[in-house]
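**Student:** First the structure, then my questions, so here it is.
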Amino acid sequence: MRKLWILLFALLLALSCCAMAAGTIEAADSEEQHVAGYALINTGKGTLNMRSQAKSNAKVVAKLPNKALVQVLEFGPEWSQVTYTAKNGPITGFVMTSFLEETEPPPPPVEEEEEPEEEYVDLGPYAFARVTTTQGTLNMRNQAKDGARVVARLPNNALVHVHERAKTWSRVTHGSRTGHVLTAYLVMLPELPYELLQPGDTSEEVRTLKGRMRDLGYLTRRQVNDRFDGDTEKALRKLQMLNGMPETGIATPEFQAFLFHSNVEKSKSGYGASNTDADSGLTISIFAWTSGYTILGGENRGSVEVLIHYATNVSGGSEPYAVMVRSEGLGDATRNPFRITWNPRSPTIYLNATATDEDGNSVSARVKVGILNVLPDPNAID
């Protein structure tokens, strides 16, 4: 009986030890893998097989290149468990310890600081600079970064209109091209590079001015010379009116900066008129033209549908001004341009423009718009 009790006690003790061992293993499995250190693969040449188990006939899960860095989870006398970070993610397996060369852990990755975006300074409508490359040309690129597409090559000493300027890049216009250039190669001009031009002047600057006006259709080729004459003043006033500028007939430095470096309205074939109130000096000008036509049928057969455009300009008197444009027989021309049906048997209509200043002074101008001025461009009507 005593022997039976001894055997039963031994059995219970064994079962208790097994449970404790099982609990220890379970706890060990639940812990995170411990990194014992780092090592470099040293095969001399070739690759090292990483296997699924610590034995030479186990499945090869990866081939590690010579000098590859691995994390060692457990060093062993013959086999070591390691993790290798491949392109498609980390791989863990076993390699022969004799091919591992212990090394220091890699430094923590350095977070690259994003370069702050350049702060551009708006220099206003009339800022100019000279290109200074000493020799060669300066690339104008379509974006403010190295390697962007080159849209123009600017010669040394070229004059450019600077729209925005930052430490590294500036946005400029040269001729008909706008893009980005390196700011280091620009020398800003302290003042506008143009002189005042007015009636009676004779110079090469006048010739250049008239050449630009010819390109925009305000002068003919034969009218281009170095004399600021009456035709020049008349064309200049028309250009200023169509572009919403004071009709001075004088080419100030600011006007020339606009003329050579902005999107200027081209000349229109049309009719103009102006009038001045003698007492207040209040002056109004109006210029009108037509574009496009559609030939109508049905009950409007023989008529055409056209667009009428106009531009007005007011000066003198006291600002602010109130301007009203009316078409005779059609009422207020509240839209510009406006569409009308036109019968060629009555080939002329009239527009009346009236300006009133702050003091109540008023002046009107009347301009005719003729059917012969219609341009054959049906696509102009949407």
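Scheme for the structure tokens: letters A, B, ... for chains in order shown; per-chain residue numbers from 1; ligand numbers from 1 in order shown.
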Neighbours of Tyr271 (chain A) within 8 Å (only C-alpha atoms; same-chain residues fewer than 6 positions away dropped), as a ChimeraX atom specification?

**Tutor:** /A:287-289,367-369

**Student:** Contacts of region 348-364 of chain A at 10 Å or less, counting only C-alpha atoms, minus same-chain residues fewer than 6 places along, as a PyMOL selection string?

**Tutor:** chain A and resi 273-288+308+310-333+342+370-372

**Student:** Go ahead and write the residues just picked, C-alpha atoms, as an mmCIF file, in the first residue's frame.

**Tutor:**
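So part38.cif came out as:
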```
data_model
loop_
_atom_site.group_PDB
_atom_site.id
_atom_site.type_symbol
_atom_site.label_atom_id
_atom_site.label_comp_id
_atom_site.auth_asym_id
_atom_site.auth_seq_id
_atom_site.Cartn_x
_atom_site.Cartn_y
_atom_site.Cartn_z
ATOM 1 C CA ALA A 273 -15.310 109.587 -82.299
ATOM 2 C CA SER A 274 -14.584 111.831 -79.319
ATOM 3 C CA ASN A 275 -16.016 114.959 -77.730
ATOM 4 C CA THR A 276 -15.010 117.361 -74.925
ATOM 5 C CA ASP A 277 -17.143 119.485 -72.618
ATOM 6 C CA ALA A 278 -15.670 123.002 -72.906
ATOM 7 C CA ASP A 279 -16.501 124.036 -69.336
ATOM 8 C CA SER A 280 -15.249 120.993 -67.367
ATOM 9 C CA GLY A 281 -12.740 119.532 -69.809
ATOM 10 C CA LEU A 282 -14.535 116.176 -69.497
ATOM 11 C CA THR A 283 -13.703 114.134 -72.617
ATOM 12 C CA ILE A 284 -15.165 110.877 -73.886
ATOM 13 C CA SER A 285 -13.962 108.760 -76.801
ATOM 14 C CA ILE A 286 -15.573 105.708 -78.334
ATOM 15 C CA PHE A 287 -14.313 103.278 -80.942
ATOM 16 C CA ALA A 288 -16.577 100.599 -82.449
ATOM 17 C CA ILE A 308 -20.658 94.777 -82.360
ATOM 18 C CA TYR A 310 -16.799 98.976 -78.620
ATOM 19 C CA ALA A 311 -14.220 100.611 -76.358
ATOM 20 C CA THR A 312 -14.638 103.865 -74.434
ATOM 21 C CA ASN A 313 -12.192 106.162 -72.699
ATOM 22 C CA VAL A 314 -12.911 109.066 -70.350
ATOM 23 C CA SER A 315 -10.550 111.754 -69.064
ATOM 24 C CA GLY A 316 -10.715 115.233 -67.555
ATOM 25 C CA GLY A 317 -13.447 116.442 -65.240
ATOM 26 C CA SER A 318 -13.576 114.833 -61.793
ATOM 27 C CA GLU A 319 -13.495 111.116 -61.097
ATOM 28 C CA PRO A 320 -15.265 108.756 -60.666
ATOM 29 C CA TYR A 321 -17.023 108.572 -64.026
ATOM 30 C CA ALA A 322 -20.290 106.929 -65.056
ATOM 31 C CA VAL A 323 -20.398 105.738 -68.671
ATOM 32 C CA MET A 324 -23.433 104.594 -70.673
ATOM 33 C CA VAL A 325 -23.421 103.304 -74.241
ATOM 34 C CA ARG A 326 -26.645 103.089 -76.227
ATOM 35 C CA SER A 327 -27.273 101.840 -79.742
ATOM 36 C CA GLU A 328 -29.872 103.876 -81.620
ATOM 37 C CA GLY A 329 -33.032 101.855 -81.929
ATOM 38 C CA LEU A 330 -31.642 98.979 -79.809
ATOM 39 C CA GLY A 331 -31.450 100.501 -76.337
ATOM 40 C CA ASP A 332 -28.617 100.093 -73.811
ATOM 41 C CA ALA A 333 -25.589 98.160 -75.025
ATOM 42 C CA TRP A 342 -28.666 93.715 -89.435
ATOM 43 C CA GLY A 370 -20.972 100.332 -90.962
ATOM 44 C CA ILE A 371 -21.822 96.932 -92.473
ATOM 45 C CA LEU A 372 -18.733 97.179 -94.695
#
```

**Student:** Can you list, as a ChimeraX atom specification, every protein, DNA or RNA residue that comes within 10 Å of Arg149 (chain A) when you count only C-alpha atoms, leaving out same-chain residues fewer than 6 positions away?

**Tutor:** /A:139-143,179

**Student:** Restrict the selected residues to N, CA, C and O atoms and save them as a PDB file, in the first residue's frame.

**Tutor:**
```
ATOM      1  N   ASN A 139      19.667  79.625 -70.017  1.00  0.00           N
ATOM      2  CA  ASN A 139      18.499  78.796 -70.307  1.00  0.00           C
ATOM      3  C   ASN A 139      17.255  79.351 -69.616  1.00  0.00           C
ATOM      4  O   ASN A 139      17.275  79.648 -68.424  1.00  0.00           O
ATOM      5  N   MET A 140      16.178  79.479 -70.384  1.00  0.00           N
ATOM      6  CA  MET A 140      14.862  79.770 -69.827  1.00  0.00           C
ATOM      7  C   MET A 140      14.077  78.461 -69.829  1.00  0.00           C
ATOM      8  O   MET A 140      13.939  77.831 -70.877  1.00  0.00           O
ATOM      9  N   ARG A 141      13.600  78.036 -68.659  1.00  0.00           N
ATOM     10  CA  ARG A 141      12.936  76.734 -68.530  1.00  0.00           C
ATOM     11  C   ARG A 141      11.443  76.902 -68.253  1.00  0.00           C
ATOM     12  O   ARG A 141      11.010  77.938 -67.743  1.00  0.00           O
ATOM     13  N   ASN A 142      10.675  75.857 -68.563  1.00  0.00           N
ATOM     14  CA  ASN A 142       9.228  75.947 -68.379  1.00  0.00           C
ATOM     15  C   ASN A 142       8.807  75.765 -66.924  1.00  0.00           C
ATOM     16  O   ASN A 142       7.673  76.052 -66.561  1.00  0.00           O
ATOM     17  N   GLN A 143       9.723  75.278 -66.066  1.00  0.00           N
ATOM     18  CA  GLN A 143       9.462  75.166 -64.633  1.00  0.00           C
ATOM     19  C   GLN A 143      10.694  75.639 -63.865  1.00  0.00           C
ATOM     20  O   GLN A 143      11.801  75.630 -64.389  1.00  0.00           O
ATOM     21  N   GLY A 179       9.147  82.248 -68.979  1.00  0.00           N
ATOM     22  CA  GLY A 179       9.632  81.052 -68.312  1.00  0.00           C
ATOM     23  C   GLY A 179      10.452  81.411 -67.089  1.00  0.00           C
ATOM     24  O   GLY A 179      10.384  82.544 -66.581  1.00  0.00           O
TER      25      GLY A 179
END
```

**Student:** Using only C-alpha atoms, determine which residues lie at most 8 Å from Leu182 (chain A), disregarding the query and same-chain residues fewer than 2 positions distant; provide the list as a PDB file with N, CA and C atoms, in the first residue's frame.

**Tutor:**
```
ATOM      1  N   THR A 168      16.451  81.615 -55.847  1.00  0.00           N
ATOM      2  CA  THR A 168      17.074  80.751 -56.853  1.00  0.00           C
ATOM      3  C   THR A 168      16.550  80.994 -58.254  1.00  0.00           C
ATOM      4  N   TRP A 169      15.216  81.147 -58.386  1.00  0.00           N
ATOM      5  CA  TRP A 169      14.603  81.266 -59.709  1.00  0.00           C
ATOM      6  C   TRP A 169      13.785  82.547 -59.809  1.00  0.00           C
ATOM      7  N   SER A 170      13.668  83.041 -61.053  1.00  0.00           N
ATOM      8  CA  SER A 170      12.804  84.191 -61.338  1.00  0.00           C
ATOM      9  C   SER A 170      11.972  83.869 -62.573  1.00  0.00           C
ATOM     10  N   HIS A 180      11.251  80.451 -66.620  1.00  0.00           N
ATOM     11  CA  HIS A 180      12.024  80.618 -65.391  1.00  0.00           C
ATOM     12  C   HIS A 180      13.519  80.582 -65.696  1.00  0.00           C
ATOM     13  N   ALA A 184      20.570  84.323 -60.177  1.00  0.00           N
ATOM     14  CA  ALA A 184      21.958  84.766 -60.052  1.00  0.00           C
ATOM     15  C   ALA A 184      22.476  85.437 -61.320  1.00  0.00           C
ATOM     16  N   TYR A 185      21.835  85.150 -62.465  1.00  0.00           N
ATOM     17  CA  TYR A 185      22.312  85.714 -63.728  1.00  0.00           C
ATOM     18  C   TYR A 185      21.498  86.934 -64.159  1.00  0.00           C
ATOM     19  N   LEU A 186      20.722  87.512 -63.235  1.00  0.00           N
ATOM     20  CA  LEU A 186      19.947  88.710 -63.535  1.00  0.00           C
ATOM     21  C   LEU A 186      20.462  89.891 -62.722  1.00  0.00           C
TER      22      LEU A 186
END
```

**Student:** Identify, on the basis of only C-alpha atoms, every residue whose closest approach to Ser262 (chain A) does not exceed 10 Å; exclude the query and any residue fewer than 3 positions from it along the same chain; express the result as a PyMOL selection string.

**Tutor:** chain A and resi 125+161+173+175-176+256-259+265

**Student:** Could you tell me, as number ranges by chain, which residues of region 312-371 of chain A DSSP assigns to strand (DSSP E) when given the backbone?

**Tutor:** A: 312-315, 322-327, 331-332, 338-342, 348-356, 362-370

**Student:** What residues in region 76-281 of chain A get the DSSP label helix (DSSP H, G or I)? Please answer as a ChimeraX atom specification.

**Tutor:** /A:97-99,183-185,204-215,221-223,230-242,253-261

**Student:** Save the residues we just selected, C-alpha atoms, as a compact mmCIF listing (two decimals), in the first residue's frame?

**Tutor:**
```txt
# COMPACT_ATOMS: atom_id res chain seq x y z
CA THR A 97 27.55 30.79 -38.35
CA SER A 98 31.04 30.41 -39.88
CA PHE A 99 29.99 32.79 -42.69
CA THR A 183 18.16 84.65 -60.46
CA ALA A 184 21.96 84.77 -60.05
CA TYR A 185 22.31 85.71 -63.73
CA GLU A 204 16.09 105.28 -83.08
CA GLU A 205 13.89 104.74 -80.01
CA VAL A 206 11.00 106.28 -81.97
CA ARG A 207 11.71 103.89 -84.86
CA THR A 208 11.61 100.93 -82.44
CA LEU A 209 8.34 102.19 -80.95
CA LYS A 210 6.75 102.52 -84.39
CA GLY A 211 8.02 99.09 -85.41
CA ARG A 212 6.16 97.53 -82.48
CA MET A 213 3.02 99.51 -83.39
CA ARG A 214 3.33 98.25 -86.97
CA ASP A 215 3.48 94.64 -85.68
CA ARG A 221 5.37 99.48 -93.00
CA ARG A 222 5.83 102.74 -94.90
CA GLN A 223 4.95 104.78 -91.80
CA GLY A 230 1.02 113.26 -86.42
CA ASP A 231 0.30 109.76 -87.73
CA THR A 232 2.28 108.31 -84.81
CA GLU A 233 0.31 110.34 -82.26
CA LYS A 234 -3.03 109.40 -83.85
CA ALA A 235 -2.16 105.69 -83.92
CA LEU A 236 -0.87 105.90 -80.36
CA ARG A 237 -4.13 107.40 -79.11
CA LYS A 238 -6.10 104.60 -80.77
CA LEU A 239 -3.83 101.99 -79.21
CA GLN A 240 -4.27 103.58 -75.77
CA MET A 241 -8.05 103.67 -76.16
CA LEU A 242 -8.39 100.03 -77.21
CA PRO A 253 8.39 104.73 -69.99
CA GLU A 254 5.50 102.86 -68.31
CA PHE A 255 3.54 102.81 -71.58
CA GLN A 256 6.53 101.42 -73.48
CA ALA A 257 7.02 98.73 -70.83
CA PHE A 258 3.40 97.73 -71.40
CA LEU A 259 3.73 97.95 -75.17
CA PHE A 260 6.84 95.76 -75.47
CA HIS A 261 6.17 93.23 -72.71
```

**Student:** Quick one: distance from CA of Glu191 (chain A) to CA of Ala127 (chain A) in Å, one decimal?

**Tutor:**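 Those two atoms sit 8.0 Å apart.
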
**Student:** Using only C-alpha atoms, pick whichever of A:Thr252, A:Thr220, A:Thr132, A:Asn243 has the shortest atom-to-atom distance to Leu196 (chain A).

**Tutor:**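 Nearest candidate to Leu196 (chain A) out of A:Thr252, A:Thr220, A:Thr132, A:Asn243: A:Thr252.
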